[in-house]
>>> print(open('my_file_25.txt').read())   # compact mmCIF, C-alpha atoms and all ligand atoms
# COMPACT_ATOMS: atom_id res chain seq x y z
CA MET A 1 -9.07 8.46 27.17
CA SER A 2 -6.44 6.99 29.51
CA ALA A 3 -6.10 3.23 30.06
CA ALA A 4 -7.51 3.72 33.60
CA GLU A 5 -10.59 5.50 32.21
CA ILE A 6 -11.11 2.75 29.59
CA LEU A 7 -10.96 0.07 32.27
CA SER A 8 -13.33 1.93 34.68
CA PRO A 9 -15.72 3.67 32.33
CA SER A 10 -18.88 5.44 33.44
CA PRO A 11 -22.33 5.46 31.77
CA GLU A 12 -22.06 9.28 31.60
CA ASP A 13 -19.36 8.82 28.95
CA GLY A 14 -21.90 6.91 26.86
CA TYR A 15 -20.36 3.58 27.86
CA SER A 16 -22.78 0.65 27.66
CA ALA A 17 -22.01 -2.25 29.99
CA ALA A 18 -24.52 -4.39 28.06
CA LYS A 19 -22.71 -3.70 24.80
CA ALA A 20 -19.39 -4.63 26.42
CA ALA A 21 -20.82 -7.90 27.82
CA ALA A 22 -22.34 -8.82 24.45
CA PHE A 23 -19.03 -8.13 22.71
CA GLU A 24 -17.13 -10.24 25.22
CA GLU A 25 -19.55 -13.10 24.62
CA ARG A 26 -19.03 -12.72 20.88
CA LEU A 27 -15.27 -12.93 21.30
CA VAL A 28 -15.63 -16.16 23.27
CA ASP A 29 -17.68 -17.49 20.32
CA VAL A 30 -14.86 -16.39 18.01
CA LEU A 31 -12.33 -18.38 20.05
CA ASN A 32 -14.53 -21.46 19.95
CA GLY A 33 -15.21 -20.96 16.22
CA GLY A 34 -11.50 -20.75 15.42
CA ALA A 35 -10.83 -23.93 17.39
CA ILE A 36 -13.74 -25.79 15.75
CA CYS A 37 -12.42 -24.76 12.35
CA LEU A 38 -9.06 -26.46 13.06
CA MET A 39 -10.77 -29.63 14.24
CA THR A 40 -13.11 -29.58 11.22
CA SER A 41 -10.09 -29.41 8.93
CA VAL A 42 -8.51 -32.35 10.79
CA GLY A 43 -11.79 -34.28 10.52
CA HIS A 44 -11.81 -33.73 6.76
CA ARG A 45 -8.15 -34.55 6.14
CA THR A 46 -8.12 -37.69 8.28
CA GLY A 47 -11.37 -38.96 6.75
CA LEU A 48 -13.10 -39.04 10.17
CA PHE A 49 -16.28 -37.37 8.93
CA ASP A 50 -16.45 -39.87 6.06
CA ALA A 51 -15.87 -42.74 8.47
CA MET A 52 -18.91 -41.54 10.47
CA ALA A 53 -21.04 -40.77 7.41
CA ASP A 54 -23.35 -43.77 7.83
CA GLY A 55 -24.61 -42.36 11.15
CA VAL A 56 -23.94 -45.66 12.95
CA ALA A 57 -22.96 -44.99 16.57
CA GLY A 58 -19.60 -46.28 17.74
CA THR A 59 -17.09 -45.96 20.56
CA SER A 60 -13.93 -43.96 19.96
CA ALA A 61 -12.16 -47.30 19.35
CA ASP A 62 -14.78 -48.31 16.72
CA ILE A 63 -14.50 -44.96 14.93
CA ALA A 64 -10.69 -45.00 15.07
CA ALA A 65 -10.72 -48.53 13.60
CA ARG A 66 -13.13 -47.50 10.82
CA ALA A 67 -10.86 -44.57 9.88
CA GLY A 68 -7.60 -46.47 10.48
CA LEU A 69 -6.42 -43.87 13.01
CA ASN A 70 -4.94 -43.66 16.51
CA GLU A 71 -7.70 -44.06 19.15
CA ARG A 72 -6.31 -41.55 21.66
CA TYR A 73 -6.28 -38.76 19.08
CA VAL A 74 -9.69 -39.74 17.74
CA ARG A 75 -11.15 -39.67 21.28
CA GLU A 76 -9.87 -36.12 21.87
CA TRP A 77 -11.16 -35.00 18.46
CA LEU A 78 -14.55 -36.53 19.31
CA GLY A 79 -14.50 -34.52 22.55
CA ALA A 80 -14.08 -31.32 20.54
CA MET A 81 -16.81 -32.42 18.11
CA VAL A 82 -19.28 -33.20 20.94
CA ALA A 83 -18.51 -29.93 22.74
CA SER A 84 -19.11 -28.11 19.41
CA GLY A 85 -22.50 -29.76 18.87
CA ILE A 86 -21.27 -31.40 15.64
CA VAL A 87 -21.24 -35.02 16.88
CA ASP A 88 -23.80 -36.50 19.32
CA CYS A 89 -22.63 -38.56 22.28
CA ASP A 90 -24.45 -41.18 24.39
CA GLY A 91 -22.89 -41.00 27.86
CA ALA A 92 -24.38 -44.37 28.94
CA THR A 93 -22.68 -46.37 26.17
CA ASN A 94 -19.80 -43.99 25.46
CA THR A 95 -20.74 -43.99 21.79
CA TYR A 96 -20.70 -41.21 19.21
CA HIS A 97 -22.63 -40.54 16.05
CA LEU A 98 -22.71 -37.91 13.33
CA PRO A 99 -26.31 -36.82 12.59
CA ALA A 100 -27.29 -37.03 8.91
CA GLU A 101 -28.15 -33.30 8.92
CA HIS A 102 -24.55 -32.51 9.91
CA ALA A 103 -22.98 -35.08 7.60
CA ALA A 104 -24.78 -33.33 4.74
CA CYS A 105 -22.23 -30.50 4.85
CA LEU A 106 -19.16 -32.32 6.22
CA ILE A 107 -18.52 -35.46 4.17
CA ARG A 108 -16.85 -35.88 0.77
CA ALA A 109 -19.99 -37.47 -0.66
CA ALA A 110 -21.80 -34.14 -0.03
CA GLY A 111 -19.92 -32.73 -3.05
CA PRO A 112 -20.38 -28.95 -3.39
CA ASN A 113 -22.08 -28.77 0.03
CA ASN A 114 -19.02 -30.06 1.89
CA LEU A 115 -17.97 -27.00 3.92
CA ALA A 116 -15.20 -28.96 5.70
CA VAL A 117 -13.03 -28.41 2.60
CA PHE A 118 -13.01 -24.65 3.28
CA ALA A 119 -12.06 -25.14 6.95
CA GLN A 120 -8.62 -26.17 5.64
CA TYR A 121 -7.85 -22.56 4.70
CA ILE A 122 -7.60 -21.53 8.36
CA PRO A 123 -4.71 -23.84 9.37
CA GLU A 124 -3.11 -23.21 5.96
CA LEU A 125 -3.08 -19.46 6.66
CA GLY A 126 -1.94 -20.07 10.24
CA SER A 127 1.12 -21.89 8.89
CA VAL A 128 2.53 -18.57 7.60
CA GLU A 129 1.52 -16.39 10.57
CA ASP A 130 5.14 -15.66 11.59
CA ASP A 131 5.96 -14.46 8.05
CA ILE A 132 2.81 -12.32 7.96
CA VAL A 133 3.63 -10.69 11.31
CA ASP A 134 7.06 -9.92 9.92
CA CYS A 135 5.45 -8.29 6.83
CA PHE A 136 3.26 -6.11 9.09
CA LYS A 137 6.50 -4.75 10.57
CA ASN A 138 8.69 -4.60 7.48
CA GLY A 139 6.35 -4.64 4.48
CA GLY A 140 6.88 -7.00 1.55
CA GLY A 141 5.02 -10.23 1.02
CA VAL A 142 4.98 -13.97 1.68
CA PRO A 143 5.64 -15.90 -1.55
CA TYR A 144 3.54 -18.81 -2.78
CA ALA A 145 6.38 -21.23 -1.98
CA ARG A 146 5.86 -20.69 1.77
CA PHE A 147 2.30 -22.12 1.59
CA ASN A 148 2.87 -25.86 1.67
CA ARG A 149 -0.67 -27.06 0.84
CA PHE A 150 -2.19 -24.08 -0.97
CA HIS A 151 -2.48 -25.59 -4.46
CA GLU A 152 -3.85 -28.85 -3.05
CA VAL A 153 -6.58 -27.06 -1.05
CA MET A 154 -7.34 -24.64 -3.89
CA ALA A 155 -7.79 -27.54 -6.34
CA GLU A 156 -10.16 -29.22 -3.90
CA ASP A 157 -12.04 -25.91 -3.53
CA SER A 158 -12.31 -25.56 -7.36
CA GLY A 159 -13.50 -29.15 -7.60
CA GLN A 160 -16.45 -28.16 -5.44
CA SER A 161 -17.14 -24.55 -6.30
CA VAL A 162 -16.38 -24.44 -10.05
CA LEU A 163 -16.66 -27.90 -11.60
CA PRO A 164 -20.24 -28.78 -10.60
CA ALA A 165 -21.52 -25.43 -11.94
CA LEU A 166 -19.29 -25.13 -14.99
CA ARG A 167 -21.43 -26.61 -17.74
CA GLU A 168 -24.86 -25.76 -16.41
CA HIS A 169 -24.32 -22.24 -15.03
CA ILE A 170 -20.90 -20.72 -15.78
CA LEU A 171 -20.24 -21.44 -19.48
CA PRO A 172 -23.82 -20.50 -20.50
CA LEU A 173 -23.09 -16.93 -19.29
CA VAL A 174 -21.52 -16.53 -22.75
CA PRO A 175 -24.26 -17.19 -25.32
CA ASP A 176 -23.34 -19.81 -27.98
CA LEU A 177 -20.08 -20.65 -26.20
CA ILE A 178 -20.92 -24.31 -25.64
CA GLU A 179 -21.76 -24.73 -29.35
CA ARG A 180 -18.47 -23.06 -30.30
CA LEU A 181 -16.54 -25.28 -27.86
CA GLU A 182 -18.21 -28.31 -29.41
CA THR A 183 -17.22 -27.17 -32.92
CA GLY A 184 -13.64 -26.36 -31.93
CA ILE A 185 -12.02 -23.18 -30.59
CA ARG A 186 -8.76 -22.21 -28.82
CA VAL A 187 -9.07 -21.76 -25.06
CA LEU A 188 -6.60 -20.32 -22.53
CA ASP A 189 -6.89 -20.40 -18.72
CA LEU A 190 -4.52 -18.08 -16.83
CA GLY A 191 -3.41 -18.63 -13.24
CA CYS A 192 -4.82 -22.12 -13.82
CA GLY A 193 -3.27 -23.70 -10.69
CA ARG A 194 -3.77 -27.47 -10.91
CA GLY A 195 -6.07 -26.87 -13.90
CA ARG A 196 -9.25 -28.57 -12.68
CA ALA A 197 -11.63 -26.39 -14.75
CA LEU A 198 -9.51 -26.55 -17.89
CA THR A 199 -9.08 -30.33 -17.67
CA GLN A 200 -12.80 -30.77 -17.28
CA MET A 201 -13.45 -28.59 -20.37
CA ALA A 202 -10.81 -30.49 -22.38
CA GLU A 203 -12.61 -33.74 -21.55
CA TRP A 204 -15.99 -32.37 -22.55
CA PHE A 205 -14.91 -30.67 -25.79
CA PRO A 206 -12.39 -32.83 -27.73
CA ASN A 207 -12.58 -30.60 -30.86
CA SER A 208 -11.24 -27.57 -28.97
CA THR A 209 -7.67 -27.03 -27.77
CA PHE A 210 -6.84 -25.88 -24.26
CA ALA A 211 -3.77 -24.21 -22.72
CA GLY A 212 -3.14 -23.35 -19.06
CA TYR A 213 -0.41 -21.05 -17.69
CA ASP A 214 0.64 -20.63 -14.08
CA LEU A 215 3.64 -19.41 -12.12
CA SER A 216 3.73 -22.50 -9.93
CA ALA A 217 5.92 -25.34 -11.23
CA GLU A 218 4.37 -27.65 -8.65
CA ALA A 219 0.80 -26.91 -9.76
CA ILE A 220 1.70 -27.22 -13.47
CA ALA A 221 3.50 -30.55 -12.89
CA TRP A 222 0.38 -31.87 -11.13
CA ALA A 223 -1.90 -30.59 -13.93
CA THR A 224 0.30 -32.09 -16.66
CA ALA A 225 0.48 -35.50 -14.96
CA ASN A 226 -3.29 -35.45 -14.45
CA ALA A 227 -3.92 -34.61 -18.13
CA GLU A 228 -1.57 -37.44 -19.21
CA GLU A 229 -3.26 -39.88 -16.88
CA ARG A 230 -6.60 -39.00 -18.47
CA GLY A 231 -5.15 -39.42 -21.95
CA LEU A 232 -5.99 -35.85 -23.01
CA THR A 233 -4.13 -34.75 -26.14
CA ASN A 234 -5.95 -31.42 -26.61
CA LEU A 235 -4.59 -29.88 -23.37
CA THR A 236 -1.18 -28.38 -22.50
CA PHE A 237 0.15 -26.59 -19.44
CA GLN A 238 3.10 -24.20 -19.12
CA VAL A 239 4.92 -22.60 -16.21
CA ARG A 240 4.73 -18.93 -17.03
CA ASP A 241 4.98 -15.64 -15.11
CA LEU A 242 2.10 -13.50 -16.37
CA GLY A 243 3.67 -10.30 -15.06
CA THR A 244 4.79 -9.42 -18.59
CA PHE A 245 1.87 -10.98 -20.44
CA ASP A 246 0.95 -7.64 -22.04
CA ARG A 247 4.19 -7.93 -24.04
CA ASP A 248 4.56 -11.73 -24.25
CA ALA A 249 1.05 -12.74 -25.32
CA ASP A 250 0.67 -13.92 -28.91
CA GLU A 251 -1.79 -11.71 -30.76
CA SER A 252 -5.11 -13.24 -31.78
CA ALA A 253 -4.04 -16.62 -30.51
CA PHE A 254 -7.17 -17.53 -28.55
CA ASP A 255 -10.95 -17.35 -28.91
CA PHE A 256 -11.87 -17.77 -25.27
CA VAL A 257 -9.79 -16.85 -22.19
CA THR A 258 -10.70 -17.62 -18.58
CA THR A 259 -9.38 -16.74 -15.14
CA PHE A 260 -10.82 -18.50 -12.10
CA ASP A 261 -10.03 -16.54 -8.95
CA ALA A 262 -6.74 -15.57 -10.56
CA VAL A 263 -6.59 -11.81 -11.18
CA HIS A 264 -6.34 -10.30 -7.72
CA ASP A 265 -3.31 -12.28 -6.52
CA GLN A 266 -1.20 -11.64 -9.62
CA GLY A 267 1.88 -9.47 -9.11
CA ASN A 268 0.93 -7.39 -12.12
CA PRO A 269 -2.79 -8.03 -12.74
CA ARG A 270 -3.15 -5.10 -15.17
CA ALA A 271 -0.42 -6.52 -17.45
CA MET A 272 -2.14 -9.89 -17.44
CA VAL A 273 -5.53 -8.39 -18.34
CA ARG A 274 -3.98 -6.24 -21.10
CA GLY A 275 -2.32 -9.41 -22.43
CA ILE A 276 -5.68 -11.17 -22.42
CA ARG A 277 -7.16 -8.38 -24.53
CA ARG A 278 -4.21 -8.64 -26.93
CA THR A 279 -4.39 -12.42 -27.27
CA LEU A 280 -8.11 -12.59 -28.04
CA ASP A 281 -9.14 -13.09 -31.64
CA THR A 282 -11.93 -11.01 -33.22
CA GLY A 283 -15.17 -12.10 -31.58
CA GLY A 284 -13.20 -13.46 -28.63
CA VAL A 285 -14.47 -13.45 -25.05
CA TYR A 286 -12.81 -13.24 -21.64
CA LEU A 287 -14.66 -14.81 -18.69
CA ALA A 288 -13.32 -13.95 -15.23
CA GLN A 289 -14.59 -15.51 -12.03
CA ASP A 290 -13.56 -13.41 -9.05
CA ILE A 291 -14.65 -12.54 -5.52
CA ASN A 292 -18.02 -10.79 -5.33
CA ASP A 293 -17.61 -7.81 -3.05
CA SER A 294 -17.48 -4.04 -3.11
CA SER A 295 -14.28 -2.03 -3.55
CA HIS A 296 -15.54 0.08 -0.59
CA VAL A 297 -15.05 -1.56 2.79
CA HIS A 298 -18.16 -0.01 4.37
CA GLU A 299 -20.26 -1.77 1.74
CA ASN A 300 -18.89 -5.18 2.78
CA CYS A 301 -20.14 -5.07 6.40
CA ASP A 302 -23.04 -7.41 5.64
CA HIS A 303 -21.07 -9.70 3.34
CA PRO A 304 -21.97 -13.23 4.52
CA ILE A 305 -18.32 -14.34 4.52
CA GLY A 306 -16.62 -10.93 4.74
CA PRO A 307 -14.33 -11.73 7.72
CA LEU A 308 -13.21 -14.98 6.08
CA LEU A 309 -12.47 -13.28 2.74
CA TYR A 310 -10.57 -10.32 4.24
CA THR A 311 -8.50 -12.79 6.28
CA ILE A 312 -7.71 -15.00 3.27
CA SER A 313 -6.88 -11.83 1.37
CA CYS A 314 -4.49 -10.47 4.00
CA MET A 315 -2.78 -13.77 4.74
CA HIS A 316 -2.67 -15.11 1.18
CA CYS A 317 -3.99 -13.23 -1.89
CA MET A 318 -2.62 -9.78 -1.07
CA THR A 319 0.65 -10.99 0.39
CA VAL A 320 1.53 -13.41 -2.48
CA SER A 321 1.03 -10.53 -4.89
CA LEU A 322 3.18 -8.17 -2.80
CA ALA A 323 5.90 -10.85 -2.73
CA GLN A 324 6.23 -10.61 -6.54
CA GLU A 325 8.44 -7.95 -8.10
CA GLY A 326 6.50 -4.64 -8.03
CA GLY A 327 3.46 -6.58 -6.76
CA GLU A 328 0.27 -4.47 -6.73
CA GLY A 329 -1.31 -6.38 -3.82
CA LEU A 330 -4.92 -5.97 -4.94
CA GLY A 331 -6.11 -8.70 -2.57
CA ALA A 332 -9.31 -10.70 -2.73
CA MET A 333 -11.46 -7.75 -1.63
CA TRP A 334 -10.51 -5.55 -4.61
CA GLY A 335 -14.18 -5.42 -5.50
CA ARG A 336 -16.47 -5.14 -8.49
CA GLN A 337 -15.91 -1.41 -9.08
CA LEU A 338 -12.11 -1.72 -9.39
CA ALA A 339 -12.40 -4.93 -11.43
CA VAL A 340 -14.63 -3.22 -14.01
CA GLU A 341 -12.20 -0.27 -14.11
CA ILE A 342 -9.19 -2.55 -14.72
CA PHE A 343 -10.96 -4.62 -17.39
CA SER A 344 -12.17 -1.46 -19.16
CA GLU A 345 -8.73 0.21 -18.98
CA ALA A 346 -7.25 -2.90 -20.61
CA GLY A 347 -9.38 -2.21 -23.69
CA PHE A 348 -12.50 -4.27 -23.13
CA GLY A 349 -15.40 -2.23 -24.54
CA SER A 350 -18.06 -4.35 -22.84
CA VAL A 351 -17.81 -5.68 -19.28
CA GLU A 352 -20.86 -7.51 -17.96
CA VAL A 353 -21.06 -8.44 -14.27
CA ASN A 354 -23.07 -11.58 -13.50
CA GLU A 355 -24.01 -13.26 -10.25
CA LEU A 356 -25.08 -16.89 -9.97
CA GLU A 357 -27.71 -17.94 -7.47
CA HIS A 358 -25.74 -20.90 -6.09
CA ASP A 359 -22.55 -18.88 -5.53
CA ILE A 360 -22.31 -16.36 -2.65
CA GLN A 361 -18.57 -15.96 -3.09
CA ASN A 362 -17.99 -14.99 -6.72
CA CYS A 363 -19.19 -12.89 -9.56
CA TYR A 364 -18.55 -13.60 -13.23
CA TYR A 365 -17.30 -10.90 -15.60
CA VAL A 366 -17.92 -11.42 -19.30
CA CYS A 367 -15.58 -9.07 -21.17
CA ARG A 368 -15.60 -8.40 -24.90
CA PRO A 369 -13.20 -6.24 -26.97
C1 LIG B 1 -6.20 -18.42 -6.17
S1 LIG B 1 -5.24 -19.38 -7.26
C2 LIG B 1 -6.44 -19.97 -8.43
C3 LIG B 1 -6.00 -21.22 -9.14
C4 LIG B 1 -7.01 -21.82 -10.13
N1 LIG B 1 -7.44 -20.87 -11.13
C5 LIG B 1 -8.20 -22.40 -9.40
O1 LIG B 1 -9.28 -21.78 -9.42
O2 LIG B 1 -8.05 -23.48 -8.79
C6 LIG B 1 -4.38 -18.13 -8.20
C7 LIG B 1 -3.33 -18.71 -9.13
O3 LIG B 1 -2.63 -17.62 -9.75
C8 LIG B 1 -1.27 -18.00 -9.91
N2 LIG B 1 -0.39 -16.83 -10.05
C9 LIG B 1 -0.14 -15.86 -9.14
N3 LIG B 1 0.75 -14.96 -9.64
C10 LIG B 1 1.07 -15.38 -10.88
C11 LIG B 1 1.93 -14.88 -11.92
N4 LIG B 1 2.65 -13.78 -11.74
N5 LIG B 1 1.99 -15.57 -13.07
C12 LIG B 1 1.26 -16.69 -13.28
N6 LIG B 1 0.42 -17.21 -12.34
C13 LIG B 1 0.33 -16.56 -11.16
C14 LIG B 1 -0.98 -18.81 -8.66
O4 LIG B 1 0.15 -19.66 -8.79
C15 LIG B 1 -2.29 -19.56 -8.44
O5 LIG B 1 -2.27 -20.85 -9.01
>>> encode(input="my_file_25.txt", output="C-alpha cells")
Amino acid sequence: MSAAEILSPSPEDGYSAAKAAAFEERLVDVLNGGAICLMTSVGHRTGLFDAMADGVAGTSADIAARAGLNERYVREWLGAMVASGIVDCDGATNTYHLPAEHAACLIRAAGPNNLAVFAQYIPELGSVEDDIVDCFKNGGGVPYARFNRFHEVMAEDSGQSVLPALREHILPLVPDLIERLETGIRVLDLGCGRGRALTQMAEWFPNSTFAGYDLSAEAIAWATANAEERGLTNLTFQVRDLGTFDRDADESAFDFVTTFDAVHDQGNPRAMVRGIRRTLDTGGVYLAQDINDSSHVHENCDHPIGPLLYTISCMHCMTVSLAQEGGEGLGAMWGRQLAVEIFSEAGFGSVEVNELEHDIQNCYYVCRP
C-alpha cells in the first residue's frame, strides 16, 4: 500500500473508519495518560498529595503554603490535576480538594495502595530516552549508572510491594521457613539493591544471619548505613558482580537464598542461578520473586499492566543487562516458561510457581535442589 492509499483508504479495502476514529481517540487518551503520570510523580515527590490528604479545600496559595512550595507551580499542577479528574475544584471560591476516594491510592499513608510511587518510573525512564534511542540504532545497553534515581524509586517500590506481604504471604510459601528463621539459619539476598527485604528479615529474626550482594556501590552504601542506623549486627552487605557467581559462590554456605525482582536484569542470570544452587546447603531453598508473565508475547495481550512492564523492560531491565559484559538482556518479560527452564537447568530438581492474590505483578518460584 502506498502512503497515498493509506491516507485515502476505501471501505472496499476492508478499511474501517470507525476503527480508525476509535484508535485516534485512544491515542489522545494515551497522551493525556502520559502527561498525568508525570504530574502524579511530581505530586508524590513534592508531597502535594500528602498536603491535600485531609480533604480540606484550599486555594492554590493555601495548598502551596501547606506543602512549603512555590504557589505559581502549585497552581499549574492543580490545573493538570483538575483537568485529569484527580482533584476537584470550586470555581466560585477558587478552591481545590482531593476526594478521600482518590487520596486512598495517592498518599503515603495509603501504604501498599499508593500508586503514585509507581508513576515515578515514567520520568525515570524518560531521563535516559536519548541513550535508549542511541541503543536502538547501535545496539548495546544503558548502564545502571545513567539512571539517577533508580535505586531510590526501587527501594520505595519494594517498601510497598514486598515488605507488607513478606511475613504473612511470601515467607510462608516455604513451609517451616519462619520457624527455621526463628531458630537461626544463614540467608543470602542477591541483587539486593538497598536491601529493604533483607533488613526487615534481619530485624525480625535476630538468631539468623543475613548477607546481601549487589553490583551497585551506591545501593550497598545506603543499605549498610541503614543497617548500622538500626543497630543490626546480624546483617552484612557487599558490592559484588554476580556475573561469575557460579564460580565464586562458597559451597553450602547458605540455607535460604532470595532474589526479589533481580534475575532478569542480571548480565549473566544463568551464572547467578547456578551459583545459588551451588551455595545452598542440603535442605536449602531458593525463593525468587519475579515478574508474572508469559514468555510468549501473544499470551501477554491481556496482562493488566503489560504495556507498563514491556516499557520498563525495554528502557531499564533489558538495557541494563545488555550494558554488562556479554549481557543476556532477558528483560522483565522473560516469562514463567523461561524462568522455570533456567532454574531447572541450574540444577534445581523442584521448581514450584506460586501466585499471591494481592500481587498482580509477580510470581514466586520456590526452588529446591
Ligand atoms: C530491579 S533491582 C531489584 C533490587 C532489590 N532486590 C529490590 O527488590 O528492591 C535489580 C538489582 O540487581 C542488581 N544487579 C544487576 N546486575 C547485577 C550484577 N551483575 N551483579 C550484582 N547485582 C546486579 C542491580 O544493581 C539492582 O539492585
>>> residues_near_ligand(input="my_file_25.txt", ligand="ligand LIG 1 (chain B)", cutoff="8 Å", atoms="all atoms listed in the file", output="number ranges by chain")
A: 144, 151, 154-159, 162, 189-197, 213-216, 219, 239-243, 259-263, 265-269, 317, 320-321, 324
>>> closest_residue(input="my_file_25.txt", among="A:Phe205, A:Val87, A:Glu218, A:Arg167", to="A:Glu152", atoms="only C-alpha atoms")
A:Glu218
>>> closest_residue(input="my_file_25.txt", among="A:Gly212, A:Gly33, A:Gly140, A:Gly184", to="A:Leu235", atoms="only C-alpha atoms")
A:Gly212
>>> atom_distance(input="my_file_25.txt", atom1="atom CA of A:His97", atom2="atom CA of A:Asp50")
11.8 Å
>>> closest_residue(input="my_file_25.txt", among="A:Glu76, A:Gly58, A:Arg146, A:Asp29", to="A:Thr319", atoms="all atoms listed in the file")
A:Arg146
>>> closest_residue(input="my_file_25.txt", among="A:Thr236, A:Asn114, A:Ser344, A:Thr282", to="A:Phe254", atoms="only C-alpha atoms")
A:Thr282
>>> closest_residue(input="my_file_25.txt", among="A:Ala22, A:Val273, A:Pro369, A:Asp250", to="A:Ile342", atoms="all atoms listed in the file")
A:Val273
>>> axis_aligned_box(input="my_file_25.txt", around="stretch 100-113 of chain A", padding_each_side="8 Å", output="lines of an AutoDock Vina configuration file")
center_x = -22.5
center_y = -33.1
center_z = 3.3
size_x = 27.3
size_y = 24.7
size_z = 29.3
>>> closest_residue(input="my_file_25.txt", among="A:Met333, A:Leu125, A:Ala223, A:Val56", to="A:Ala103", atoms="all atoms listed in the file")
A:Val56
>>> atom_distance(input="my_file_25.txt", atom1="atom CA of A:Leu356", atom2="atom CA of A:Glu341")
21.4 Å
>>> atom_distance(input="my_file_25.txt", atom1="atom CA of A:Met201", atom2="atom CA of A:Asp359")
19.9 Å
>>> residues_around(input="my_file_25.txt", residues="A:Asp281", least_positions_apart="3", cutoff="9 Å", atoms="all atoms listed in the file", output="PyMOL selection string")
chain A and resi 251-256+277-278+284-285
>>> decode(input="my_file_25.txt", residues="stretch 21-27 of chain A", atoms="all heavy atoms", output="mmCIF file, in the first residue's frame")
data_model
loop_
_atom_site.group_PDB
_atom_site.id
_atom_site.type_symbol
_atom_site.label_atom_id
_atom_site.label_comp_id
_atom_site.auth_asym_id
_atom_site.auth_seq_id
_atom_site.Cartn_x
_atom_site.Cartn_y
_atom_site.Cartn_z
ATOM 1 N N ALA A 21 -11.226 5.972 13.955
ATOM 2 C CA ALA A 21 -11.614 7.054 14.875
ATOM 3 C C ALA A 21 -11.424 6.602 16.324
ATOM 4 O O ALA A 21 -10.925 7.363 17.163
ATOM 5 C CB ALA A 21 -13.066 7.453 14.624
ATOM 6 N N ALA A 22 -11.794 5.335 16.596
ATOM 7 C CA ALA A 22 -11.656 4.833 17.968
ATOM 8 C C ALA A 22 -10.186 4.787 18.367
ATOM 9 O O ALA A 22 -9.809 5.120 19.497
ATOM 10 C CB ALA A 22 -12.285 3.446 18.082
ATOM 11 N N PHE A 23 -9.327 4.401 17.404
ATOM 12 C CA PHE A 23 -7.899 4.311 17.707
ATOM 13 C C PHE A 23 -7.312 5.697 17.964
ATOM 14 O O PHE A 23 -6.501 5.894 18.878
ATOM 15 C CB PHE A 23 -7.170 3.607 16.556
ATOM 16 C CG PHE A 23 -5.706 3.428 16.842
ATOM 17 C CD1 PHE A 23 -5.280 2.561 17.842
ATOM 18 C CD2 PHE A 23 -4.747 4.153 16.139
ATOM 19 C CE1 PHE A 23 -3.928 2.428 18.139
ATOM 20 C CE2 PHE A 23 -3.397 4.016 16.426
ATOM 21 C CZ PHE A 23 -2.990 3.147 17.428
ATOM 22 N N GLU A 24 -7.774 6.671 17.162
ATOM 23 C CA GLU A 24 -7.280 8.038 17.341
ATOM 24 C C GLU A 24 -7.656 8.548 18.737
ATOM 25 O O GLU A 24 -6.844 9.169 19.430
ATOM 26 C CB GLU A 24 -7.881 8.942 16.260
ATOM 27 C CG GLU A 24 -7.197 10.283 16.186
ATOM 28 C CD GLU A 24 -7.715 11.149 15.048
ATOM 29 O OE1 GLU A 24 -8.412 10.628 14.153
ATOM 30 O OE2 GLU A 24 -7.431 12.349 15.073
ATOM 31 N N GLU A 25 -8.891 8.241 19.133
ATOM 32 C CA GLU A 25 -9.350 8.658 20.460
ATOM 33 C C GLU A 25 -8.477 8.017 21.547
ATOM 34 O O GLU A 25 -8.097 8.634 22.527
ATOM 35 C CB GLU A 25 -10.793 8.192 20.632
ATOM 36 C CG GLU A 25 -11.647 9.135 21.446
ATOM 37 C CD GLU A 25 -13.109 8.719 21.353
ATOM 38 O OE1 GLU A 25 -13.749 8.973 20.311
ATOM 39 O OE2 GLU A 25 -13.557 8.082 22.309
ATOM 40 N N ARG A 26 -8.152 6.739 21.324
ATOM 41 C CA ARG A 26 -7.332 6.032 22.302
ATOM 42 C C ARG A 26 -5.953 6.688 22.421
ATOM 43 O O ARG A 26 -5.397 6.836 23.505
ATOM 44 C CB ARG A 26 -7.202 4.563 21.874
ATOM 45 C CG ARG A 26 -6.410 3.806 22.863
ATOM 46 C CD ARG A 26 -6.436 2.325 22.730
ATOM 47 N NE ARG A 26 -5.327 1.854 23.552
ATOM 48 C CZ ARG A 26 -4.397 1.016 23.153
ATOM 49 N NH1 ARG A 26 -4.462 0.481 21.957
ATOM 50 N NH2 ARG A 26 -3.414 0.680 23.947
ATOM 51 N N LEU A 27 -5.412 7.096 21.259
ATOM 52 C CA LEU A 27 -4.084 7.724 21.306
ATOM 53 C C LEU A 27 -4.116 9.058 22.051
ATOM 54 O O LEU A 27 -3.148 9.414 22.737
ATOM 55 C CB LEU A 27 -3.536 7.928 19.895
ATOM 56 C CG LEU A 27 -2.921 6.699 19.248
ATOM 57 C CD1 LEU A 27 -2.283 7.077 17.912
ATOM 58 C CD2 LEU A 27 -1.856 6.054 20.139
#
